[in-house]
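Trainee: Sharing start.pdb below, PDB, C-alpha atoms:
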ATOM      1  CA  MET V   8     -12.880  12.285   8.823  1.00  0.00           C
ATOM      2  CA  TYR V   9     -10.116  12.268   6.235  1.00  0.00           C
ATOM      3  CA  ASP V  10     -10.200  10.552   2.863  1.00  0.00           C
ATOM      4  CA  ARG V  11      -7.525   7.863   3.282  1.00  0.00           C
ATOM      5  CA  ARG V  12      -7.391   7.106  -0.437  1.00  0.00           C
ATOM      6  CA  ARG V  13      -6.625  10.748  -1.262  1.00  0.00           C
ATOM      7  CA  ILE V  14      -3.936  10.751   1.441  1.00  0.00           C
ATOM      8  CA  LEU V  15      -2.319   7.608   0.026  1.00  0.00           C
ATOM      9  CA  ILE V  16      -2.367   8.874  -3.573  1.00  0.00           C
ATOM     10  CA  SER V  17      -0.994  12.270  -2.526  1.00  0.00           C
ATOM     11  CA  LYS V  18       1.771  10.693  -0.465  1.00  0.00           C
ATOM     12  CA  TRP V  19       3.085   8.464  -3.245  1.00  0.00           C
ATOM     13  CA  THR V  20       2.740  11.188  -5.863  1.00  0.00           C
ATOM     14  CA  ALA V  21       4.759  13.594  -3.699  1.00  0.00           C
ATOM     15  CA  VAL V  22       7.424  10.942  -3.046  1.00  0.00           C
ATOM     16  CA  VAL V  23       7.846  10.082  -6.739  1.00  0.00           C
ATOM     17  CA  LEU V  24       7.863  13.718  -7.871  1.00  0.00           C
ATOM     18  CA  GLY V  25      10.238  14.601  -5.026  1.00  0.00           C
ATOM     19  CA  ILE V  26      12.712  11.976  -6.227  1.00  0.00           C
ATOM     20  CA  VAL V  27      12.462  13.257  -9.801  1.00  0.00           C
ATOM     21  CA  PHE V  28      13.004  16.908  -8.885  1.00  0.00           C
ATOM     22  CA  LEU V  29      15.823  16.134  -6.436  1.00  0.00           C
ATOM     23  CA  SER V  30      17.637  14.162  -9.128  1.00  0.00           C
ATOM     24  CA  GLN V  31      17.081  17.041 -11.572  1.00  0.00           C
ATOM     25  CA  ALA V  32      18.463  19.545  -9.070  1.00  0.00           C
ATOM     26  CA  ILE V  33      21.549  17.371  -8.543  1.00  0.00           C
ATOM     27  CA  ALA V  34      22.023  16.907 -12.310  1.00  0.00           C
ATOM     28  CA  ARG V  35      21.735  20.652 -12.913  1.00  0.00           C
ATOM     29  CA  TRP V  36      24.179  21.307 -10.065  1.00  0.00           C
ATOM     30  CA  ARG V  37      26.751  19.053 -11.727  1.00  0.00           C
ATOM     31  CA  ALA V  38      26.094  20.690 -15.106  1.00  0.00           C
ATOM     32  CA  PHE V  39      26.561  24.106 -13.516  1.00  0.00           C
ATOM     33  CA  PHE V  40      30.022  23.206 -12.271  1.00  0.00           C
ATOM     34  CA  ALA V  41      30.932  21.682 -15.647  1.00  0.00           C
ATOM     35  CA  GLY V  42      29.963  24.873 -17.484  1.00  0.00           C
ATOM     36  CA  PRO V  43      28.204  27.605 -15.515  1.00  0.00           C
ATOM     37  CA  THR V  44      25.452  29.423 -17.401  1.00  0.00           C
ATOM     38  CA  ALA V  45      22.549  31.580 -16.285  1.00  0.00           C
ATOM     39  CA  LEU V  46      20.017  29.049 -17.603  1.00  0.00           C
ATOM     40  CA  THR V  47      21.600  26.241 -15.579  1.00  0.00           C
ATOM     41  CA  TYR V  48      21.518  28.425 -12.484  1.00  0.00           C
ATOM     42  CA  VAL V  49      17.798  29.148 -13.022  1.00  0.00           C
ATOM     43  CA  ALA V  50      17.143  25.421 -13.525  1.00  0.00           C
ATOM     44  CA  ILE V  51      18.898  24.633 -10.212  1.00  0.00           C
ATOM     45  CA  ILE V  52      16.782  27.190  -8.369  1.00  0.00           C
ATOM     46  CA  ALA V  53      13.558  26.003 -10.037  1.00  0.00           C
ATOM     47  CA  ALA V  54      14.161  22.299  -9.392  1.00  0.00           C
ATOM     48  CA  GLY V  55      15.259  22.990  -5.819  1.00  0.00           C
ATOM     49  CA  SER V  56      12.238  25.190  -5.130  1.00  0.00           C
ATOM     50  CA  ILE V  57       9.809  22.624  -6.521  1.00  0.00           C
ATOM     51  CA  PHE V  58      11.531  19.948  -4.424  1.00  0.00           C
ATOM     52  CA  LEU V  59      11.083  22.051  -1.272  1.00  0.00           C
ATOM     53  CA  LEU V  60       7.408  22.619  -2.102  1.00  0.00           C
ATOM     54  CA  LEU V  61       6.965  18.880  -2.526  1.00  0.00           C
ATOM     55  CA  LEU V  62       8.588  18.283   0.869  1.00  0.00           C
ATOM     56  CA  THR V  63       6.132  20.730   2.413  1.00  0.00           C
ATOM     57  CA  ALA V  64       3.254  18.915   0.713  1.00  0.00           C
ATOM     58  CA  LEU V  65       4.619  15.619   1.997  1.00  0.00           C
ATOM     59  CA  ALA V  66       4.723  17.019   5.538  1.00  0.00           C
ATOM     60  CA  ILE V  67       1.031  17.942   5.252  1.00  0.00           C
ATOM     61  CA  VAL V  68       0.177  14.496   3.892  1.00  0.00           C
ATOM     62  CA  VAL V  69       2.061  12.676   6.652  1.00  0.00           C
ATOM     63  CA  TYR V  70       0.403  14.892   9.268  1.00  0.00           C
ATOM     64  CA  ALA V  71      -3.028  14.082   7.826  1.00  0.00           C
ATOM     65  CA  GLU V  72      -2.177  10.380   7.758  1.00  0.00           C
ATOM     66  CA  GLU V  73      -1.099  10.377  11.399  1.00  0.00           C
ATOM     67  CA  LYS V  74      -4.142  12.414  12.395  1.00  0.00           C
ATOM     68  CA  ALA V  75      -6.409   9.931  10.619  1.00  0.00           C
ATOM     69  CA  LYS V  76      -4.727   7.089  12.531  1.00  0.00           C
ATOM     70  CA  GLY V  77      -5.071   9.000  15.810  1.00  0.00           C
ATOM     71  CA  THR V  78      -1.370   8.850  16.697  1.00  0.00           C
ATOM     72  CA  LEU V  79      -0.583  12.565  17.031  1.00  0.00           C
ATOM     73  CA  ASN V  80       0.925  13.671  20.320  1.00  0.00           C
ATOM     74  CA  LEU V  81       1.118  17.405  19.668  1.00  0.00           C
ATOM     75  CA  PRO V  82      -1.244  19.140  17.219  1.00  0.00           C
ATOM     76  CA  ARG V  83       0.147  21.809  14.890  1.00  0.00           C
ATOM     77  CA  PRO V  84      -2.488  24.446  14.001  1.00  0.00           C
ATOM     78  CA  TRP V  85      -1.191  25.387  10.551  1.00  0.00           C
ATOM     79  CA  LEU V  86      -0.744  21.742   9.517  1.00  0.00           C
ATOM     80  CA  ASP V  87      -4.178  21.009  10.970  1.00  0.00           C
ATOM     81  CA  ALA V  88      -5.791  23.724   8.851  1.00  0.00           C
ATOM     82  CA  LEU V  89      -4.050  22.587   5.666  1.00  0.00           C
ATOM     83  CA  ALA V  90      -4.803  18.910   6.279  1.00  0.00           C
ATOM     84  CA  ASP V  91      -8.464  19.745   6.892  1.00  0.00           C
ATOM     85  CA  ARG V  92      -8.585  21.811   3.711  1.00  0.00           C
ATOM     86  CA  PHE V  93      -7.104  19.141   1.442  1.00  0.00           C
ATOM     87  CA  PHE V  94      -8.155  15.822   2.972  1.00  0.00           C
ATOM     88  CA  MET V  95     -11.396  16.372   4.911  1.00  0.00           C
ATOM     89  CA  ILE V  96     -14.433  14.546   3.548  1.00  0.00           C
ATOM     90  CA  HIS V  97     -17.239  17.054   3.054  1.00  0.00           C
ATOM     91  CA  SER V  98     -20.824  15.862   2.771  1.00  0.00           C
ATOM     92  CA  ASP V  99     -22.749  17.119  -0.262  1.00  0.00           C
ATOM     93  CA  SER V 100     -25.849  17.924   1.832  1.00  0.00           C
ATOM     94  CA  SER V 101     -24.046  20.698   3.729  1.00  0.00           C
ATOM     95  CA  ARG V 102     -23.126  22.562   0.540  1.00  0.00           C
ATOM     96  CA  GLY V 103     -26.638  23.256  -0.539  1.00  0.00           C
TER      97      GLY V 103
END
Take the structure from the file and write it as structure tokens.

Mentor:
Amino acid sequence: MYDRRRILISKWTAVVLGIVFLSQAIARWRAFFAGPTALTYVAIIAAGSIFLLLLTALAIVVYAEEKAKGTLNLPRPWLDALADRFFMIHSDSSRG
């Protein structure tokens, strides 16, 4: 069983941060063409990389959400393992 509240919070956090980092990557891209510097180039790569990581996190969250609803048609093992790791509810009695 997955924690639906954790899924919901993770989904909206990833969406908001994704929008912020995509806008930063676009702003740095425009600044790079206005006056190319090494620091601007590094900022483009950093913002773009963080954006791609957030998209990957969002894919895991959406997979977990669909799995919790029971609407998956084709399971993906690596998404399954990550969704279980981050969103599975673990009972405290089994940890003892």

Trainee: Translate the PyMOL selection byres ((chain V and resi 11) around 12) into a concrete residue list for this structure, as a ChimeraX atom specification.

Mentor: /V:8-10,12-18,68-69,71-76,90,93-96

Trainee: Using all atoms listed in the file for the distances, tell me which of V:Ala41, V:Ala88, V:Ala53, V:Leu59 is nearest to Ile26 (chain V).

Mentor: V:Leu59

Trainee: So how far away is CA of Val22 (chain V) from CA of Leu65 (chain V), in Å?

Mentor: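 Separation between CA of Leu65 (chain V) and CA of Val22 (chain V): 7.4 Å.
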
Trainee: Report the centre and edge lengths, in Å to one decimal, of an axis-aligned box enclosing every atom of region 20-23 of chain V listed in the file, padded by 8 Å on each side, as lines of an AutoDock Vina configuration file.

Mentor:
center_x = 5.3
center_y = 11.8
center_z = -4.9
size_x = 21.1
size_y = 19.5
size_z = 19.7

Trainee: Pick out the closest residue to Leu61 (chain V) from this set: V:Thr78, V:Thr47, V:Thr20, V:Gln31. Count only C-alpha atoms.

Mentor: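 Result for the nearest residue to Leu61 (chain V): V:Thr20.
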
Trainee: Within 9 Å of Ile51 (chain V), counting all atoms listed in the file, which residues qualify if same-chain residues fewer than 3 places away don't, as an NGL selection string?

Mentor: :V and (31-36 or 39 or 46-48 or 54-56)

Trainee: Hey, can you check how far CA of Ala66 (chain V) sits from CA of Ile52 (chain V)?

Mentor: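 Calculated distance between CA of Ala66 (chain V) and CA of Ile52 (chain V) is 21.0 Å.
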
Trainee: For CA of Leu60 (chain V) and CA of Pro82 (chain V), determine how far apart the two atoms are, in Å to one decimal place.

Mentor: 21.5 Å

Trainee: Let me make sure I understand: among V:Ala21, V:Ile67, V:Ala38, V:Val27, which one has the smallest atom-to-atom distance to Leu86 (chain V) if we use all atoms listed in the file?

Mentor: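 Closest to Leu86 (chain V) of all the choices is V:Ile67.
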
Trainee: With all atoms listed in the file as the basis for distance, which of V:Ile57, V:Phe28, V:Tyr70, V:Trp19 is at the shortest distance from Asp91 (chain V)?

Mentor: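 Selected residue with least distance to Asp91 (chain V): V:Tyr70.
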
Trainee: As a compact mmCIF listing (two decimals), keeping the file's coordinate frame, please: region 68-79 of chain V completed to all heavy atoms.

Mentor:
# COMPACT_ATOMS: atom_id res chain seq x y z
N VAL V 68 0.77 15.81 4.12
CA VAL V 68 0.18 14.50 3.89
C VAL V 68 0.47 13.56 5.06
O VAL V 68 -0.42 12.85 5.54
CB VAL V 68 0.69 13.89 2.56
CG1 VAL V 68 0.30 12.44 2.43
CG2 VAL V 68 0.19 14.68 1.39
N VAL V 69 1.70 13.55 5.53
CA VAL V 69 2.06 12.68 6.65
C VAL V 69 1.32 13.11 7.92
O VAL V 69 0.85 12.27 8.69
CB VAL V 69 3.59 12.66 6.87
CG1 VAL V 69 3.97 11.98 8.16
CG2 VAL V 69 4.26 11.97 5.69
N TYR V 70 1.17 14.39 8.12
CA TYR V 70 0.40 14.89 9.27
C TYR V 70 -1.04 14.42 9.19
O TYR V 70 -1.61 13.95 10.18
CB TYR V 70 0.47 16.42 9.33
CG TYR V 70 -0.23 16.99 10.53
CD1 TYR V 70 0.44 17.11 11.74
CD2 TYR V 70 -1.56 17.40 10.47
CE1 TYR V 70 -0.20 17.63 12.85
CE2 TYR V 70 -2.20 17.92 11.57
CZ TYR V 70 -1.51 18.04 12.76
OH TYR V 70 -2.15 18.55 13.87
N ALA V 71 -1.64 14.53 8.00
CA ALA V 71 -3.03 14.08 7.83
C ALA V 71 -3.15 12.58 8.04
O ALA V 71 -4.12 12.11 8.65
CB ALA V 71 -3.53 14.46 6.43
N GLU V 72 -2.16 11.83 7.58
CA GLU V 72 -2.18 10.38 7.76
C GLU V 72 -2.11 10.00 9.24
O GLU V 72 -2.86 9.14 9.71
CB GLU V 72 -1.01 9.77 6.99
CG GLU V 72 -0.97 8.27 6.99
CD GLU V 72 0.17 7.74 6.16
OE1 GLU V 72 1.27 8.32 6.19
OE2 GLU V 72 -0.04 6.73 5.48
N GLU V 73 -1.22 10.66 9.97
CA GLU V 73 -1.10 10.38 11.40
C GLU V 73 -2.33 10.84 12.17
O GLU V 73 -2.74 10.20 13.14
CB GLU V 73 0.16 11.03 11.96
CG GLU V 73 1.44 10.44 11.41
CD GLU V 73 1.57 8.95 11.70
OE1 GLU V 73 1.26 8.52 12.82
OE2 GLU V 73 1.98 8.22 10.78
N LYS V 74 -2.93 11.94 11.74
CA LYS V 74 -4.14 12.41 12.40
C LYS V 74 -5.29 11.45 12.15
O LYS V 74 -6.10 11.18 13.04
CB LYS V 74 -4.50 13.81 11.90
CG LYS V 74 -5.66 14.42 12.65
CD LYS V 74 -5.90 15.85 12.23
CE LYS V 74 -7.09 16.41 12.99
NZ LYS V 74 -7.43 17.75 12.52
N ALA V 75 -5.36 10.90 10.94
CA ALA V 75 -6.41 9.93 10.62
C ALA V 75 -6.24 8.65 11.44
O ALA V 75 -7.22 8.02 11.83
CB ALA V 75 -6.39 9.61 9.12
N LYS V 76 -4.99 8.27 11.71
CA LYS V 76 -4.73 7.09 12.53
C LYS V 76 -4.98 7.36 14.02
O LYS V 76 -5.18 6.44 14.79
CB LYS V 76 -3.27 6.64 12.38
CG LYS V 76 -2.94 6.04 11.06
CD LYS V 76 -1.47 5.65 11.05
CE LYS V 76 -1.00 5.20 9.71
NZ LYS V 76 0.46 4.94 9.70
N GLY V 77 -4.89 8.63 14.41
CA GLY V 77 -5.07 9.00 15.81
C GLY V 77 -3.81 8.88 16.63
O GLY V 77 -3.86 8.68 17.84
N THR V 78 -2.64 9.02 16.00
CA THR V 78 -1.37 8.85 16.70
C THR V 78 -0.61 10.15 16.92
O THR V 78 0.58 10.11 17.21
CB THR V 78 -0.46 7.87 15.92
OG1 THR V 78 -0.25 8.39 14.61
CG2 THR V 78 -1.08 6.49 15.85
N LEU V 79 -1.27 11.29 16.81
CA LEU V 79 -0.58 12.56 17.03
C LEU V 79 -0.46 12.86 18.52
O LEU V 79 -1.42 12.71 19.27
CB LEU V 79 -1.35 13.71 16.37
CG LEU V 79 -1.25 13.79 14.86
CD1 LEU V 79 -2.09 14.95 14.35
CD2 LEU V 79 0.17 13.96 14.41
